[in-house]
Each structure stands twice: as structure tokens, then as C-alpha cells.
$ cat run_2.txt   # compact mmCIF, C-alpha atoms
# COMPACT_ATOMS: atom_id res chain seq x y z
CA MET A 1 -21.51 -5.02 43.35
CA ALA A 2 -20.63 -3.44 46.71
CA THR A 3 -20.17 0.28 47.02
CA THR A 4 -16.76 1.83 46.67
CA GLU A 5 -14.62 2.57 49.70
CA ILE A 6 -13.19 5.67 48.03
CA PRO A 7 -15.04 9.02 48.43
CA THR A 8 -16.73 9.90 45.16
CA GLU A 9 -16.62 13.71 45.23
CA GLY A 10 -13.96 13.61 42.50
CA ALA A 11 -15.92 11.46 40.06
CA GLN A 12 -18.92 13.34 38.69
CA SER A 13 -20.55 14.31 35.42
CA ALA A 14 -18.15 15.93 33.02
CA PRO A 15 -18.15 16.24 29.24
CA PRO A 16 -16.07 13.58 27.48
CA PRO A 17 -12.62 15.10 26.94
CA GLU A 18 -10.48 14.93 23.89
CA GLU A 19 -7.78 12.27 23.77
CA PRO A 20 -5.10 13.46 26.22
CA GLU A 21 -1.84 14.70 24.85
CA ARG A 22 1.13 12.42 25.32
CA ARG A 23 3.75 13.49 27.78
CA PRO A 24 7.09 14.36 26.20
CA GLY A 25 9.18 11.24 25.96
CA THR A 26 6.38 8.83 26.86
CA ARG A 27 5.51 7.69 23.37
CA ARG A 28 8.00 6.91 20.71
CA ARG A 29 7.53 4.75 17.66
CA HIS A 30 8.63 1.25 18.69
CA ARG A 31 11.98 0.71 17.02
CA GLY A 32 11.52 -3.01 16.43
CA ARG A 33 7.83 -2.92 15.68
CA THR A 34 6.05 -5.04 13.14
CA ALA A 35 3.74 -2.36 11.80
CA ALA A 36 0.54 -3.35 10.09
CA VAL A 37 -1.78 -1.44 7.82
CA VAL A 38 -5.39 -2.62 7.70
CA VAL A 39 -6.94 -1.65 4.41
CA ALA A 40 -10.74 -1.82 4.17
CA LEU A 41 -11.49 -1.80 0.44
CA VAL A 42 -14.93 -0.53 -0.48
CA ALA A 43 -16.33 -0.65 -3.97
CA ALA A 44 -17.78 2.85 -3.66
CA GLY A 45 -17.96 5.74 -1.20
CA GLY A 46 -14.51 6.49 0.13
CA ALA A 47 -15.58 9.53 2.16
CA GLY A 48 -13.18 11.82 3.97
CA ALA A 49 -10.84 10.74 6.74
CA ILE A 50 -12.57 9.63 9.95
CA PHE A 51 -11.14 10.70 13.29
CA ALA A 52 -13.43 9.76 16.20
CA ASN A 53 -12.89 10.93 19.78
CA PRO A 54 -11.40 7.78 21.35
CA PHE A 55 -12.87 8.61 24.74
CA ASP A 56 -16.48 9.30 23.74
CA SER A 57 -17.53 6.18 25.63
CA ALA A 58 -15.61 7.02 28.83
CA ARG A 59 -18.03 7.06 31.77
CA SER A 60 -18.45 10.31 33.65
CA GLN A 61 -20.51 9.48 36.74
CA ASP A 62 -20.49 8.49 40.40
CA PRO A 63 -18.77 5.07 40.67
CA ALA A 64 -21.21 4.08 43.39
CA ALA A 65 -24.08 4.65 40.99
CA SER A 66 -22.17 2.64 38.42
CA SER A 67 -22.16 -0.38 40.70
CA GLN A 68 -25.56 0.08 42.34
CA ASP A 69 -28.06 1.70 39.96
CA THR A 70 -26.99 0.21 36.63
CA ALA A 71 -26.06 -3.23 35.40
CA THR A 72 -22.29 -3.71 35.40
CA ASN A 73 -19.76 -6.23 34.18
CA THR A 74 -16.07 -6.59 34.74
CA ALA A 75 -13.12 -6.85 32.39
CA LYS A 76 -9.47 -7.67 32.92
CA VAL A 77 -6.55 -5.30 32.97
CA THR A 78 -4.30 -6.89 30.35
CA LYS A 79 -0.69 -6.50 29.30
CA GLY A 80 0.22 -6.69 25.62
CA THR A 81 0.50 -4.83 22.31
CA LEU A 82 -1.73 -1.96 21.18
CA SER A 83 -1.83 -0.09 17.88
CA SER A 84 -3.25 3.31 17.03
CA ARG A 85 -4.99 3.68 13.68
CA THR A 86 -6.23 6.56 11.54
CA GLN A 87 -8.65 6.39 8.63
CA GLN A 88 -7.62 7.58 5.18
CA ASN A 89 -9.09 7.59 1.70
CA GLY A 90 -7.30 5.54 -0.95
CA THR A 91 -7.64 4.34 -4.52
CA LEU A 92 -7.45 0.75 -5.76
CA GLY A 93 -6.09 0.29 -9.25
CA TYR A 94 -3.10 -0.66 -11.35
CA ALA A 95 0.51 0.44 -10.86
CA GLY A 96 2.41 2.61 -13.31
CA SER A 97 1.52 4.76 -16.29
CA TYR A 98 3.27 4.40 -19.65
CA ASP A 99 3.09 6.23 -22.97
CA VAL A 100 3.81 4.17 -26.09
CA VAL A 101 5.46 6.55 -28.55
CA ASN A 102 5.69 5.40 -32.15
CA LYS A 103 9.04 5.23 -33.99
CA ALA A 104 7.89 3.66 -37.26
CA SER A 105 6.71 5.50 -40.38
CA GLY A 106 3.57 4.63 -42.28
CA THR A 107 -0.12 4.04 -41.66
CA VAL A 108 -1.69 2.59 -38.53
CA THR A 109 -3.40 -0.63 -39.64
CA ARG A 110 -4.32 -2.25 -36.32
CA VAL A 111 -4.53 -1.26 -32.65
CA PRO A 112 -5.34 -3.14 -29.42
CA ALA A 113 -8.54 -2.76 -27.41
CA VAL A 114 -8.72 -0.83 -24.15
CA GLY A 115 -8.23 -3.27 -21.28
CA GLN A 116 -6.21 -5.70 -23.40
CA VAL A 117 -3.03 -7.07 -21.81
CA ILE A 118 -0.01 -7.30 -24.11
CA ARG A 119 2.95 -9.38 -23.01
CA GLN A 120 6.62 -8.99 -23.86
CA GLY A 121 7.47 -10.41 -27.27
CA LYS A 122 3.96 -9.76 -28.64
CA PRO A 123 2.73 -6.98 -30.99
CA LEU A 124 1.61 -3.68 -29.46
CA TYR A 125 0.06 -2.37 -32.69
CA TRP A 126 0.60 -2.60 -36.47
CA VAL A 127 2.04 -0.13 -39.01
CA ASP A 128 1.67 -0.88 -42.72
CA GLY A 129 0.58 -4.37 -41.73
CA GLU A 130 3.78 -5.03 -39.75
CA PRO A 131 3.69 -5.61 -35.97
CA VAL A 132 5.52 -3.37 -33.51
CA ILE A 133 6.84 -5.67 -30.76
CA LEU A 134 6.87 -5.02 -27.03
CA LEU A 135 10.22 -5.70 -25.35
CA LYS A 136 11.21 -5.10 -21.73
CA GLY A 137 13.85 -2.47 -21.13
CA ALA A 138 14.13 0.95 -19.55
CA ARG A 139 17.73 2.02 -20.07
CA THR A 140 17.55 3.65 -23.49
CA PRO A 141 14.62 4.57 -25.76
CA VAL A 142 14.64 3.26 -29.32
CA TYR A 143 16.50 5.74 -31.50
CA ARG A 144 18.29 3.65 -34.16
CA ALA A 145 18.29 0.38 -36.04
CA LEU A 146 20.42 -2.39 -34.52
CA GLU A 147 22.51 -5.03 -36.23
CA ARG A 148 25.50 -7.28 -35.69
CA GLY A 149 28.58 -5.40 -34.46
CA ASP A 150 26.67 -2.56 -32.79
CA GLU A 151 27.40 -1.66 -29.18
CA GLY A 152 25.56 0.37 -26.57
CA GLU A 153 22.98 0.42 -23.80
CA ASP A 154 20.19 -0.22 -26.30
CA VAL A 155 21.95 -3.41 -27.40
CA LYS A 156 22.30 -4.47 -23.74
CA GLN A 157 18.55 -4.23 -23.15
CA LEU A 158 17.88 -6.14 -26.38
CA ASN A 159 20.21 -8.94 -25.23
CA ALA A 160 18.51 -9.06 -21.81
CA ALA A 161 15.04 -9.21 -23.41
CA LEU A 162 16.01 -12.04 -25.78
CA VAL A 163 17.37 -14.09 -22.86
CA GLU A 164 14.32 -13.38 -20.71
CA LEU A 165 12.01 -14.46 -23.54
CA GLY A 166 13.93 -17.74 -23.87
CA TYR A 167 15.38 -17.18 -27.36
CA ALA A 168 18.85 -17.71 -25.91
CA THR A 169 20.36 -18.90 -22.65
CA ASP A 170 22.54 -16.67 -20.51
CA GLU A 171 25.45 -18.88 -21.56
CA GLN A 172 24.76 -18.12 -25.20
CA ILE A 173 24.14 -14.39 -24.62
CA ASP A 174 25.33 -12.50 -21.58
CA PRO A 175 22.26 -10.38 -20.66
CA ASP A 176 24.64 -7.68 -19.41
CA SER A 177 26.56 -7.55 -22.69
CA ASP A 178 26.22 -4.39 -24.76
CA TYR A 179 27.53 -6.07 -27.94
CA PHE A 180 25.31 -7.25 -30.81
CA SER A 181 26.90 -10.66 -31.43
CA ARG A 182 26.26 -13.55 -33.76
CA GLN A 183 24.20 -15.15 -30.99
CA THR A 184 22.12 -11.94 -30.69
CA ARG A 185 21.39 -12.08 -34.41
CA TRP A 186 20.41 -15.76 -34.20
CA ALA A 187 18.06 -15.16 -31.21
CA LEU A 188 16.47 -12.12 -32.87
CA LYS A 189 15.67 -14.16 -36.00
CA LYS A 190 13.79 -16.65 -33.81
CA LEU A 191 11.74 -13.82 -32.31
CA GLN A 192 10.99 -12.40 -35.76
CA ASP A 193 9.85 -15.80 -36.94
CA ASP A 194 7.46 -16.11 -33.99
CA VAL A 195 5.78 -12.75 -34.61
CA GLY A 196 5.55 -13.32 -38.37
CA VAL A 197 7.96 -10.77 -39.84
CA GLU A 198 10.92 -11.24 -42.17
CA GLU A 199 13.80 -13.02 -40.40
CA THR A 200 16.53 -10.46 -41.07
CA GLY A 201 18.40 -10.75 -37.78
CA LYS A 202 18.39 -6.96 -37.70
CA LEU A 203 16.11 -4.77 -35.58
CA SER A 204 14.89 -1.96 -37.79
CA LEU A 205 13.93 1.38 -36.26
CA GLY A 206 10.35 1.17 -35.03
CA GLN A 207 10.06 -2.64 -35.20
CA ALA A 208 10.16 -2.88 -31.40
CA LEU A 209 9.51 -0.59 -28.45
CA PHE A 210 11.00 -0.99 -24.97
CA LEU A 211 8.96 -0.45 -21.79
CA PRO A 212 10.04 -1.20 -18.19
CA VAL A 213 7.42 -3.94 -17.70
CA ASP A 214 6.90 -7.57 -18.73
CA GLU A 215 3.37 -6.74 -19.89
CA ILE A 216 1.20 -3.70 -20.37
CA ARG A 217 -2.51 -3.19 -19.79
CA VAL A 218 -3.97 -0.81 -22.38
CA THR A 219 -5.80 2.11 -20.72
CA SER A 220 -6.39 4.26 -23.82
CA VAL A 221 -5.66 4.26 -27.55
CA ASP A 222 -4.63 7.54 -29.16
CA ALA A 223 -4.06 6.26 -32.71
CA VAL A 224 -6.81 5.85 -35.31
CA ILE A 225 -6.78 2.99 -37.79
CA GLY A 226 -5.91 4.48 -41.13
CA GLY A 227 -4.22 7.46 -39.53
CA SER A 228 -0.61 8.44 -39.86
CA ALA A 229 1.95 6.66 -37.70
CA ALA A 230 4.41 9.53 -37.58
CA PRO A 231 7.58 9.04 -35.52
CA GLY A 232 7.23 10.61 -32.09
CA LYS A 233 3.44 10.34 -32.09
CA PRO A 234 1.72 8.71 -29.04
CA ILE A 235 -0.13 5.53 -30.00
CA ILE A 236 -1.17 3.86 -26.75
CA GLN A 237 -1.29 4.63 -23.06
CA GLY A 238 -1.14 1.84 -20.53
CA SER A 239 -0.36 0.63 -17.04
CA SER A 240 1.30 -2.42 -15.61
CA THR A 241 -0.89 -5.33 -14.54
CA GLY A 242 0.34 -5.03 -10.96
CA ARG A 243 -2.36 -4.15 -8.41
CA GLN A 244 -1.86 -1.40 -5.86
CA VAL A 245 -3.64 0.84 -3.40
CA THR A 246 -2.62 4.49 -3.33
CA VAL A 247 -3.15 6.64 -0.23
CA GLU A 248 -2.73 10.41 -0.04
CA LEU A 249 -1.29 10.57 3.46
CA ASN A 250 -1.02 13.76 5.46
CA ALA A 251 2.61 14.85 5.14
CA SER A 252 2.90 15.21 8.91
CA GLN A 253 2.38 11.43 9.21
CA GLN A 254 5.22 10.49 6.85
CA SER A 255 7.41 9.14 9.66
CA ASP A 256 4.58 6.85 10.84
CA VAL A 257 4.75 4.62 7.73
CA LYS A 258 7.75 2.96 6.11
CA VAL A 259 8.46 0.69 3.15
CA GLY A 260 8.02 -2.94 4.15
CA ASP A 261 5.23 -2.34 6.67
CA LYS A 262 2.83 -5.27 6.49
CA VAL A 263 -0.80 -4.62 5.61
CA THR A 264 -4.09 -6.47 5.63
CA ILE A 265 -6.52 -5.65 2.83
CA THR A 266 -10.15 -6.31 3.73
CA MET A 267 -12.52 -6.69 0.79
CA PRO A 268 -16.22 -5.65 0.73
CA ASP A 269 -17.28 -9.26 1.32
CA ASP A 270 -15.12 -9.29 4.49
CA THR A 271 -12.45 -11.54 2.97
CA SER A 272 -8.91 -10.32 3.51
CA THR A 273 -5.54 -10.60 1.82
CA PRO A 274 -2.04 -9.53 2.93
CA GLY A 275 0.00 -6.75 1.40
CA VAL A 276 2.97 -4.51 2.03
CA VAL A 277 3.80 -0.80 1.79
CA SER A 278 5.89 -0.54 -1.38
CA SER A 279 6.70 3.18 -1.38
CA VAL A 280 6.36 6.28 0.76
CA GLY A 281 6.48 9.57 -1.11
CA LYS A 282 9.15 12.16 -0.37
CA VAL A 283 7.68 15.04 -2.37
CA ALA A 284 4.71 16.77 -0.76
CA LYS A 285 1.67 17.88 -2.74
CA GLN A 286 -0.30 20.93 -1.68
CA GLY A 287 -4.09 20.39 -1.68
CA GLU A 288 -6.96 22.66 -0.76
CA ASN A 289 -6.88 21.87 2.95
CA LYS A 290 -3.73 19.85 3.58
CA THR A 291 -0.33 18.81 2.32
CA THR A 292 -0.02 15.14 1.39
CA ILE A 293 2.41 12.51 0.19
CA ASP A 294 1.59 9.40 -1.84
CA VAL A 295 1.87 6.01 -0.13
CA THR A 296 1.49 2.90 -2.29
CA ILE A 297 0.50 -0.53 -1.02
CA LYS A 298 1.13 -3.72 -2.98
CA PRO A 299 -1.24 -6.65 -2.40
CA THR A 300 0.62 -9.94 -1.85
CA LYS A 301 -2.21 -11.83 -3.58
CA PRO A 302 -3.35 -9.38 -6.27
CA LYS A 303 -5.95 -11.69 -7.82
CA VAL A 304 -8.01 -11.45 -4.63
CA THR A 305 -8.49 -7.69 -5.23
CA GLY A 306 -10.34 -8.29 -8.52
CA ARG A 307 -10.13 -5.97 -11.52
CA LEU A 308 -11.55 -2.69 -10.26
CA ASP A 309 -9.61 0.32 -11.52
CA LYS A 310 -9.60 3.75 -9.84
CA ALA A 311 -12.00 2.44 -7.21
CA PRO A 312 -12.38 4.57 -4.05
CA VAL A 313 -11.23 2.74 -0.93
CA GLN A 314 -10.96 3.40 2.76
CA VAL A 315 -7.69 2.72 4.50
CA ALA A 316 -6.94 2.35 8.20
CA ILE A 317 -3.24 2.95 8.83
CA VAL A 318 -1.39 2.02 11.99
CA SER A 319 0.26 5.26 13.14
CA ASP A 320 1.83 3.92 16.35
CA THR A 321 2.46 0.58 18.07
CA VAL A 322 3.45 -0.11 21.69
CA LYS A 323 4.36 -3.39 23.35
CA ASP A 324 4.10 -4.75 26.90
CA VAL A 325 1.70 -2.08 28.13
CA LEU A 326 -1.33 -2.27 30.43
CA SER A 327 -4.71 -1.61 28.87
CA VAL A 328 -8.41 -1.57 29.76
CA PRO A 329 -11.62 -1.24 27.72
CA VAL A 330 -12.38 2.41 26.95
CA ASP A 331 -15.76 1.94 28.67
CA ALA A 332 -13.92 1.30 31.94
CA LEU A 333 -12.65 4.89 32.11
CA LEU A 334 -14.27 7.33 34.56
CA ALA A 335 -13.79 11.04 33.77
CA LEU A 336 -12.88 12.90 36.98
CA ALA A 337 -14.29 16.35 37.79
CA GLY A 338 -10.84 17.73 38.47
CA GLY A 339 -9.52 16.39 35.20
CA GLY A 340 -8.01 13.09 34.19
CA TYR A 341 -9.36 9.56 34.47
CA ALA A 342 -9.77 6.68 36.88
CA VAL A 343 -10.87 3.06 36.74
CA GLU A 344 -13.02 1.23 39.27
CA VAL A 345 -11.06 -1.84 40.36
CA VAL A 346 -12.68 -4.81 42.12
CA LYS A 347 -10.83 -5.52 45.36
CA ALA A 348 -9.77 -8.99 46.49
CA GLY A 349 -12.78 -11.09 47.41
CA GLY A 350 -15.04 -9.16 45.04
CA THR A 351 -17.02 -7.48 47.87
CA ALA A 352 -15.80 -3.92 47.32
CA THR A 353 -14.23 -1.65 44.71
CA GLU A 354 -11.74 1.16 44.78
CA LEU A 355 -11.12 4.07 42.45
CA ILE A 356 -7.60 4.15 40.99
CA PRO A 357 -6.45 7.25 39.06
CA VAL A 358 -4.77 6.38 35.75
CA GLU A 359 -2.91 8.12 32.96
CA THR A 360 -4.24 7.37 29.46
CA ARG A 361 -1.97 7.12 26.46
CA LEU A 362 -2.38 5.21 23.19
CA PHE A 363 -5.90 4.34 22.03
CA ASP A 364 -6.52 1.16 19.97
CA GLY A 365 -9.79 1.71 18.14
CA SER A 366 -9.96 -1.73 16.58
CA ALA A 367 -9.71 -3.42 19.98
CA GLY A 368 -11.70 -0.78 21.88
CA ARG A 369 -8.92 -0.51 24.47
CA VAL A 370 -6.71 2.24 25.80
CA GLU A 371 -3.22 2.14 27.28
CA VAL A 372 -3.25 3.10 30.98
CA SER A 373 -0.78 3.36 33.84
CA GLY A 374 -1.28 3.83 37.57
CA ASP A 375 0.64 3.21 40.77
CA ARG A 376 -1.73 0.47 41.97
CA LEU A 377 -2.77 -0.93 38.62
CA ARG A 378 -1.68 -4.49 37.76
CA ALA A 379 -2.36 -6.97 34.96
CA GLY A 380 -5.09 -9.42 35.86
CA GLN A 381 -7.14 -7.04 37.96
CA ASP A 382 -10.88 -6.76 37.29
CA VAL A 383 -12.28 -3.34 36.39
CA VAL A 384 -15.93 -2.34 36.24
CA VAL A 385 -17.48 -1.66 32.83
CA PRO A 386 -21.09 -0.78 31.98
CA GLY A 387 -23.36 -3.76 31.41
CA SER A 388 -25.59 -4.24 28.38
$ encode --input "run_2.txt" --output "C-alpha cells"
Amino acid sequence: MATTEIPTEGAQSAPPPEEPERRPGTRRRHRGRTAAVVVALVAAGGAGAIFANPFDSARSQDPAASSQDTATNTAKVTKGTLSSRTQQNGTLGYAGSYDVVNKASGTVTRVPAVGQVIRQGKPLYWVDGEPVILLKGARTPVYRALERGDEGEDVKQLNAALVELGYATDEQIDPDSDYFSRQTRWALKKLQDDVGVEETGKLSLGQALFLPVDEIRVTSVDAVIGGSAAPGKPIIQGSSTGRQVTVELNASQQSDVKVGDKVTITMPDDTSTPGVVSSVGKVAKQGENKTTIDVTIKPTKPKVTGRLDKAPVQVAIVSDTVKDVLSVPVDALLALAGGGYAVEVVKAGGTATELIPVETRLFDGSAGRVEVSGDRLRAGQDVVVPGS
């Protein structure tokens, strides 16, 4: 490579600087962006957040030496989209936490096993040999027996559950109706027949419990077989079967992530599956060294994430995205003695180079590129980078 035509007094050894601050007004979150969150799931480890100096690899030397004394390559100045990412710790597990509080009276005669999944319409546990049925509903806790002629929010959730289970059509029972009708009684008798209890067409207090999920995964059992099943006593604790990743995000980064942001979850075997940010916390939690909010991520294909619960994970979150910007490899940067950066651009014909000062902005760690701007910088130009 021919020597540069630009005097080199300004390009000399200097310690790698920190990532330059953005100028006011030069970087704003792209309003129409399609944000992505890349989630690298690891079965163990999950160390603290990683924040590397993005310009550690920036060259700080005489450009003439770069082209004469060491092997060099060239790379293109490109125009496109860049994203900035930060590393966070996260936890892979199951969504939700639910307490199953008993309403029946008697003796506990059977309980489920930890890890067992119980679906709507099936027994949660048994009291005096009679099953207590799981039904979906979150409006009103069980507080009374129900029979034909009753009205209320608890009746509405019973009607909705019976329709959802297929014991009646929505033409036979309006799932939004709060009236215990003849059709409700008929559908309830069918459910009672299926679970093996007396077909009374009445829902006695404690015969069913309502939870806001279609199925529950048992995480712990508080009751003891042979123990008392007193009303108000916790029997089971559980979660939903929905998979999620939870991230404790620094509260200052709350505006960088929003519900609906697309994610990519990368498994330990390097396979990946898509997901989406399902919630961004609004209440901050004070920790030892920082204030955080909870961000939850829902995998689109949950089966791919396996069955690990409370597994430490590492999460790379996109904190900023810019479009239609010029960028170069980080290795192409030359740190100037007077401050700032330049790139060594190959002139037309490839027989000489020139040093062009640039302003650096967003750093894309995954691509190893940095956003740059300069008066004489154009897409398609060749810039010098260190050779292998």
C-alpha cells in the first residue's frame, strides 16, 4: 500500500479512549424502528452485566506505518442499519405464581406431585375422597355455593368455564351471562359426571377453585395427606406452563425497551427461537448497587426452550437502532493525538491513501462496526484495516 499523502503528525500513539459521548440531538431512538432483543440463554453462569469499551480495537499509530510495516486489508464504508446492545443477566422459567387456597372442610386425602401439570376441569387435590376441580376464572374468588337462579360475577366465570370446556355452546350459555340458568345446571352435571362426583347440578362450596390460567404447573405442595383441609389454608403453589425470560433492567434504560419488541433467543447449542417483550415494569426496585425494573420476554416457540426453571441466562438487549447511516469496522479507526478519530481511505486508483477525520457515534458490537460521519466520507469507499 502506498504511503499517505496527508502529514501524520496528528496520528500517533494514544490510549484507546472511551466511547465518545453523543452530541445533543444527534441520536434519538428511531421512531419507526423494529427493535430486536437477542437473548443468549446459558444453562449456568449468568455473570454480571458486560460492558466492553467499544473502541478497544481502534488503532492508535502512524498511518504510514499501518500501510508499510504491517500487513493490511481493506473494508468498505457501508450504509445501513446499526444497533447498540448491552448485556444483562436474566432468568429462564415459567410465568406467573399462584396460591391454591382451600375452601372445603375435611381431611386431605390426595395431593399432586411437584412438577405435575393440572388442566382446567381436572382435580387439583382431594378432600374426604372428593376431588376439588380447577376452573379458569379470575373475577371473583369462591365464597359461596352456586345453584340455579343465582346471579353474580362468580356465576359469570362459571358459565365462561363451562363453555370453554365444551360442556355447552355459547348459544346454549352466554359466557358473559351472570345468571345460573337451566343450561348452566345441565352443563355442570356433565362436568361432575366426568370427574366422578355426584351429579347434583349444584356447585358446593369448595368443590371447585378458580385460577386465571387454563392449566397450572405445581411448584410446591403445602398440604399433608391426612392433614386438615381447613378453609382458607394454602394447599398448593404453582405457576402457569407459559415460558418466559425475566430481566432486571437498569431503570435508566426503561425507555429503550417497549412491549412488542421482537427478540431472538439463542440456546446453549446455538439454536435460536423468536420471542417478544411481553411487559416492561413501571415500578422500580432498589438493589444494592442499582435500581431496576422487571422486563419479561415471551418465547414464540416455548417448547424450544426446554423445561429449565429458574435457570440463569445472559441477555443482550438492543438499546438503540439507527437506519441509513455510514459505518466502518471498529479496527479501521485511528485515534488522533489531538483527540478524535480518523480513517485511512484508499484513493482512486489504489496507489495512495488519505486520512479523513470522522465523528463516531453508535457502536454495533455484534457486527463489529461503528457509525461514522465525515465531510469526505462516502459509501463504497475502501478503508484500511489491520491484516491478520
$ residues_around --input "run_2.txt" --residues "segment 250-260 of chain A" --least-positions-apart "2" --cutoff "7 Å" --atoms "only C-alpha atoms" --output "ChimeraX atom specification"
/A:248,262,276-280,284,290-293,319-320
$ residues_around --input "run_2.txt" --residues "Thr72 of chain A" --least-positions-apart "4" --cutoff "6 Å" --atoms "only C-alpha atoms" --output "list in words"
Val385, Pro386 and Gly387 of chain A
$ residues_around --input "run_2.txt" --residues "segment 104-120 of chain A" --least-positions-apart "6" --cutoff "7 Å" --atoms "only C-alpha atoms" --output "JSON, numbers by chain"
{"A": [126, 127, 128, 129, 134, 135, 136, 205, 206, 207, 214, 215, 216, 217, 218, 219, 220, 221, 224, 225, 226, 227, 228, 229, 230, 231]}
$ residues_around --input "run_2.txt" --residues "Gln381 of chain A" --least-positions-apart "6" --cutoff "10 Å" --atoms "only C-alpha atoms" --output "ChimeraX atom specification"
/A:74-78,328,345-348
$ atom_distance --input "run_2.txt" --atom1 "atom CA of Asn159 of chain A" --atom2 "atom CA of Val142 of chain A"
14.0 Å
$ closest_atom_pairs --input "run_2.txt" --of "segment 185-242 of chain A" --to "segment 162-181 of chain A" --cutoff "8 Å" --atoms "only C-alpha atoms" --output "JSON lines"
{"residue": "A:Arg185", "atom": "CA", "partner": "A:Ser181", "partner_atom": "CA", "distance": 6.4}
{"residue": "A:Ala187", "atom": "CA", "partner": "A:Tyr167", "partner_atom": "CA", "distance": 5.1}
{"residue": "A:Leu188", "atom": "CA", "partner": "A:Leu162", "partner_atom": "CA", "distance": 7.1}
{"residue": "A:Lys190", "atom": "CA", "partner": "A:Tyr167", "partner_atom": "CA", "distance": 6.7}
{"residue": "A:Leu191", "atom": "CA", "partner": "A:Tyr167", "partner_atom": "CA", "distance": 7.0}
$ atom_distance --input "run_2.txt" --atom1 "atom CA of Gly149 of chain A" --atom2 "atom CA of Asp194 of chain A"
23.7 Å
$ atom_distance --input "run_2.txt" --atom1 "atom CA of Val304 of chain A" --atom2 "atom CA of Gln87 of chain A"
22.2 Å
$ residues_around --input "run_2.txt" --residues "Gly96 of chain A" --least-positions-apart "6" --cutoff "9 Å" --atoms "all atoms listed in the file" --output "ChimeraX atom specification"
/A:238-242
$ closest_residue --input "run_2.txt" --among "A:Val372, A:Gly349, A:Arg144, A:Arg243" --to "Ser204 of chain A" --atoms "only C-alpha atoms"
A:Arg144
